[in-house]
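S.K.: Mind looking over this structure? Questions follow.
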Amino acid sequence: MSLNHLAERFTCAWPWSTAILLCDGRISCGCSDPYAKRVMGDVRQSTLTQVWRGPIATELREDINTGGAPFCGDCPLKEPLADDQPAPVRDLNVGPLPNRLYVECTAACNISCFQACCAPETGITKTRQAGMLDFDVFTRVIDEAGPSLVRVDFFNYGEAFLHKRAVEMCEYIKTKFPHIYLYTSTNGGALNDEKARRLVHSGIDEVTFSIDGASQAVYEKYRQRGKFDLATANMRAMADEKARHGRDVPQINWRYILFKWNDHDEEMERARQLAAEFGVDRLTWEITDHPEDSFSRRFAPGTPDFERIKHEVWDQSGLGNAIPGATPRAEIAVRASGDVLSGRAGETIAIETHVKNLSTRPFRKLASYGRRLVRLGAQLVGPDGTLISRDHARAWLPDDIPGGGAADVTIEVPLPATPGRYALKFDLVSEGIDWFEKAGSPTTTRDVVVQ
C-alpha cells in the first residue's frame with residue numbers, strides 16, 4: 001500500500017486487541033462501525049481464530065504499521081499522526097485470538113435516540129444479515145475465545161436485552177469463564193423486574209444504564225419512545241437485589257448524557273437525589289459534541305461549569321461520582337519524625353500512616369473479584385518530579401473504613417538501589433479502576449533520602 005493513497009496518516013491499536021461480533025455472525029473491526037462497513041470475516045463459515053489471523057486482518061495490521069489503511073475509511077477511532085511522526089510498529093505475530101470482545105445481540109432497538117446513527121430510522125438493521133445473534137454461534141465463539149479473553153462488552157449497536165436469551169448469555173459467559181470482566185450498557189427499557197434481578201446473579205461485573213434526564217418530559221427528548229419510569233424501575237430493581245443479597249457486583253452505573261435541554265441545575269439535582277434514593281453505585285455525566293444543535297454548551301470542556309463537575313464526568317476517571325459524598329476522597333497523614341524519610345539503598349522501610357475517609361461511602365478492604373477493593377499505594381518520584389514507579393508499593397487496609405472513619409495503615413516501601421534524593425507520593429487506589437487523585441482526592445508527598 002502506498003501512503004499517497006491516504007488523505008491522512010494515522011495509527012490504531014484496535015486490530016491487535018479487540019474484535020466485534022455482530023448479531024449476524026460477522027466480525028467487524030472497531031466498535032464505531034454501525035453499518036458494518038469494516039468486516040474482517042464471518043464466524044458462521046470459519047472460526048474466530050481464522051478470522052483474527054486471516055488475510056483481511058493481517059493486511060490491515062501491516063498497513064497500519066506503515067501509517068494508515070484504506071480499509072479504515074472514515075472510522076473515528078483512528079489516531080492521527082503528525083507529518084513528521086513515525087507510525088508505531090506493532091508486532092504482526094498476534095495471538096490466535098483477541099483479548100477483548102464486543103458481543104452485539106441485535107442491532108434493533110426499542111427506542112429511537114434523537115439524530116443517533118443507530119436509531120431504527122437509519123436502516124441499521126438492514127445492514128445485518130440476521131436480526132438476532134444465533135445462540136449456537138454465540139456459544140461457539142465464547143468457547144473458542146473464552147480462555148484468552150480478559151473482557152467482554154455485552155453490547156454494541158441496538159439494545160442487547162431485546163434478545164430473549166440475553167441474560168442467559170451473560171450467565172453462560174460467567175459460568176464457563178468467571179475470569180472474564182463482563183460489562184454491559186443498556187437503556188433499561190427492554191428488561192423487566194424478573195430479568196433485572198436475575199441479571200444481578202448472573203455474575204456480570206458492571207451494568208450501565210443510559211438515562212438522560214430525571215423526568216419523562218426531559219428524558220424522552222433524546223430517548224424518543226423511551227419510558228423513564230420503566231428504565232429507572234429496572235435500574236432500581238437491580239440495586240435492590242444487589243443490596244438484599246449483600247453482593248458487591250455488579251457495579252451499577254447511571255450515565256446521563258448532557259444536552260441543552262437536560263443540563264439545568266434542577267434536573268441534574270433531581271438525578272442526584274434519585275440516584276442516592278435508588279441505591280445505585282454511581283451517577284456520572286457524559287459530555288458529548290453531538291447532535292450539533294443539541295449538545296450542552298454549558299458544560300463543554302474548558303468552561304467554568306465543566307470545571308465544577310469535572311470529577312463527576314464519565315470519561316474523567318473510573319471513580320468520579322455525582323451522588324453527593326460518593327466520590328472517594330481521603331486524607332493521608334504520614335507518621336514519622338521529621339519531614340524527610342530516610343534509609344539505606346535496597347532496604348525496605350515500614351512507614352506508619354493514618355488514613356481518613358472523607359467521603360460517605362466505605363473503603364472496602366476486600367472485593368469478590370479483586371476489583372474495587374481499596375489499598376494504600378506509594379508512588380516513587382525522582383528528584384526532578386518525574387514519576388519513576390506508579391505501583392511502587394501497596395498496603396492492605398486493616399478493615400473496611402466507613403464513611404467518615406479512619407484507620408492506621410502500615411506500608412512497607414522498598415528503597416531504590418541507587419542512593420540519592422527521591423520522593424514518595426501516597427494515595428489510595430481502587431484496584432483495577434483508578435487512583436483517588438484522578439477523582440480530585442488530595443495526596444501526601446514526603447521526601448526520602450536514600451543513603
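By order in the C-alpha cells, chains are A, B, ...; within a chain, residues start at 1; ligands start at 1, following the order shown.
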Can you list every residue of segment 156-226 of chain A that has an atom at most 12 Å from segment 246-253 of chain A, with its nearest atom pair and the distance in Å to one decimal, using only C-alpha atoms, ordered by chain then number, as a tab-separated table?
M.R.:
```
residue	atom	partner	partner_atom	distance
A:Tyr181	CA	A:Pro250	CA	10.6
A:Leu182	CA	A:Pro250	CA	9.4
A:Tyr183	CA	A:Pro250	CA	8.9
A:Thr184	CA	A:Ile252	CA	10.1
A:Ser185	CA	A:Asn253	CA	9.1
A:Thr186	CA	A:Asn253	CA	10.4
A:Asn187	CA	A:Asn253	CA	11.5
A:Gly188	CA	A:Asn253	CA	11.6
A:Ala196	CA	A:Pro250	CA	11.4
A:Arg197	CA	A:Pro250	CA	11.1
A:Arg198	CA	A:Pro250	CA	11.6
A:Leu199	CA	A:Pro250	CA	8.9
A:Val200	CA	A:Pro250	CA	6.3
A:His201	CA	A:Pro250	CA	8.6
A:Ser202	CA	A:Pro250	CA	9.2
A:Gly203	CA	A:Pro250	CA	7.3
A:Ile204	CA	A:Pro250	CA	5.8
A:Asp205	CA	A:Pro250	CA	4.5
A:Glu206	CA	A:Gln251	CA	4.5
A:Val207	CA	A:Ile252	CA	5.1
A:Thr208	CA	A:Asn253	CA	4.5
A:Phe209	CA	A:Asn253	CA	6.1
A:Ser210	CA	A:Asn253	CA	8.4
A:Ile211	CA	A:Asn253	CA	10.0
```
S.K.: When you look at segment 375-383 of chain A with a cut-off of 10 Å (counting only C-alpha atoms), what residues show up, excluding the ones that are within fewer than 2 positions of it in the same chain? I need them as number ranges by chain.
M.R.: A: 332, 353, 355, 363-366, 372-373, 385-398, 409-416, 420-431, 435, 444-448
S.K.: Restricting the calculation to only C-alpha atoms: of A:Gly123, A:Pro328, A:Gly54, A:Pro402, which residue gets closest to Glu437 of chain A?
M.R.: A:Pro328
S.K.: Record the distance separating atom CA of Asn357 of chain A and atom CA of Ala407 of chain A, expressed in Å with one decimal.
M.R.: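 Rounded to one decimal, the two atoms are 8.7 Å apart.
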S.K.: I need the residue nearest Asp74 of chain A from this list: A:Phe295, A:His179, A:Val374, A:Gly30. Use only C-alpha atoms for the distance.
M.R.: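 Closest to Asp74 of chain A of all the choices is A:Gly30.
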S.K.: Would you mind telling me which residue in A:Arg244, A:Arg335, A:Arg44, A:Arg329 lies nearest to Thr360 of chain A when using only C-alpha atoms?
M.R.: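 With only C-alpha atoms as the atom set, the closest residue is A:Arg329.
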S.K.: Can you tell me how far atom CA of Gly370 of chain A sits from atom CA of Ile433 of chain A, in Å to one decimal?
M.R.: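 These two atoms are separated by 10.7 Å.
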S.K.: Please, what distance in Å, to one decimal, runs between atom CA of Val334 of chain A and atom CA of His354 of chain A?
M.R.: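 We find that atom CA of Val334 of chain A and atom CA of His354 of chain A lie 6.6 Å from each other.
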S.K.: When DSSP works through the backbone of this structure, what residues of segment 1-120 of chain A end up as alpha helix (DSSP H), shown as a list in words?
M.R.: Trp14, Pro15, Trp16, Ser17, Leu48, Thr49, Gln50, Val51, Trp52, Pro55, Ile56, Ala57, Thr58, Glu59, Leu60, Arg61, Glu62, Asp63, Ile64 and Asn65 of chain A
S.K.: Rank A:Gln115, A:Asn156, A:Ser296, A:Thr303 by their smallest atom-to-atom distance to Tyr222 of chain A, using only C-alpha atoms, and report the top residue only.
M.R.: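 Between A:Gln115, A:Asn156, A:Ser296, A:Thr303, the residue approaching Tyr222 of chain A most closely is A:Gln115.
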S.K.: Go through A:Pro34, A:Pro419, A:Pro15, A:Pro362 one by one, measure the shortest atom-to-atom distance of each to Gly95 of chain A using only C-alpha atoms, and give the residue with the smallest value.
M.R.: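 Looking only at the distances to Gly95 of chain A, the closest residue turns out to be A:Pro15.
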S.K.: Extract, using only C-alpha atoms, all DNA, RNA and protein residues at most 10 Å from segment 306-311 of chain A, discarding same-chain residues fewer than 4 positions from it, and format them as a ChimeraX atom specification.
M.R.: /A:284-285,287,297-302,315-322,327,438-441
S.K.: Counting only C-alpha atoms, figure out which residue out of A:Met132, A:Leu48, A:Ala166, A:Leu258 gets nearest to Pro98 of chain A.
M.R.: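 With only C-alpha atoms as the atom set, the closest residue is A:Leu48.
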S.K.: Output as a ChimeraX atom specification all residues of segment 90-178 of chain A that backbone DSSP marks as strand (DSSP E or B).
M.R.: /A:100-103,106,112-113,132,151-153
S.K.: The selected residues should be written to file as a JSON list (two decimals), in the first residue's frame (atoms: C-alpha atoms).
M.R.:
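Done, and the output landed in part-v3.json:
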```json
[["chain", "number", "residue", "atom", "x", "y", "z"],
["A", 100, "ARG", "CA", -11.42, -8.25, 24.25],
["A", 101, "LEU", "CA", -14.70, -8.98, 22.52],
["A", 102, "TYR", "CA", -17.84, -6.94, 21.90],
["A", 103, "VAL", "CA", -20.99, -9.03, 21.58],
["A", 106, "THR", "CA", -29.07, -7.30, 17.90],
["A", 112, "SER", "CA", -35.07, 5.96, 18.88],
["A", 113, "CYS", "CA", -32.31, 8.27, 20.11],
["A", 132, "MET", "CA", -30.75, -11.61, 16.43],
["A", 151, "ARG", "CA", -13.11, -8.54, 28.92],
["A", 152, "VAL", "CA", -16.43, -8.93, 27.12],
["A", 153, "ASP", "CA", -18.51, -5.85, 26.32]]
```
S.K.: Write out as a PyMOL selection string the residues lying within 10 Å of Gly213 of chain A, counting only C-alpha atoms and excluding same-chain residues fewer than 5 positions away.
M.R.: chain A and resi 218-223+228+255-259+261-263+267-268+270-271
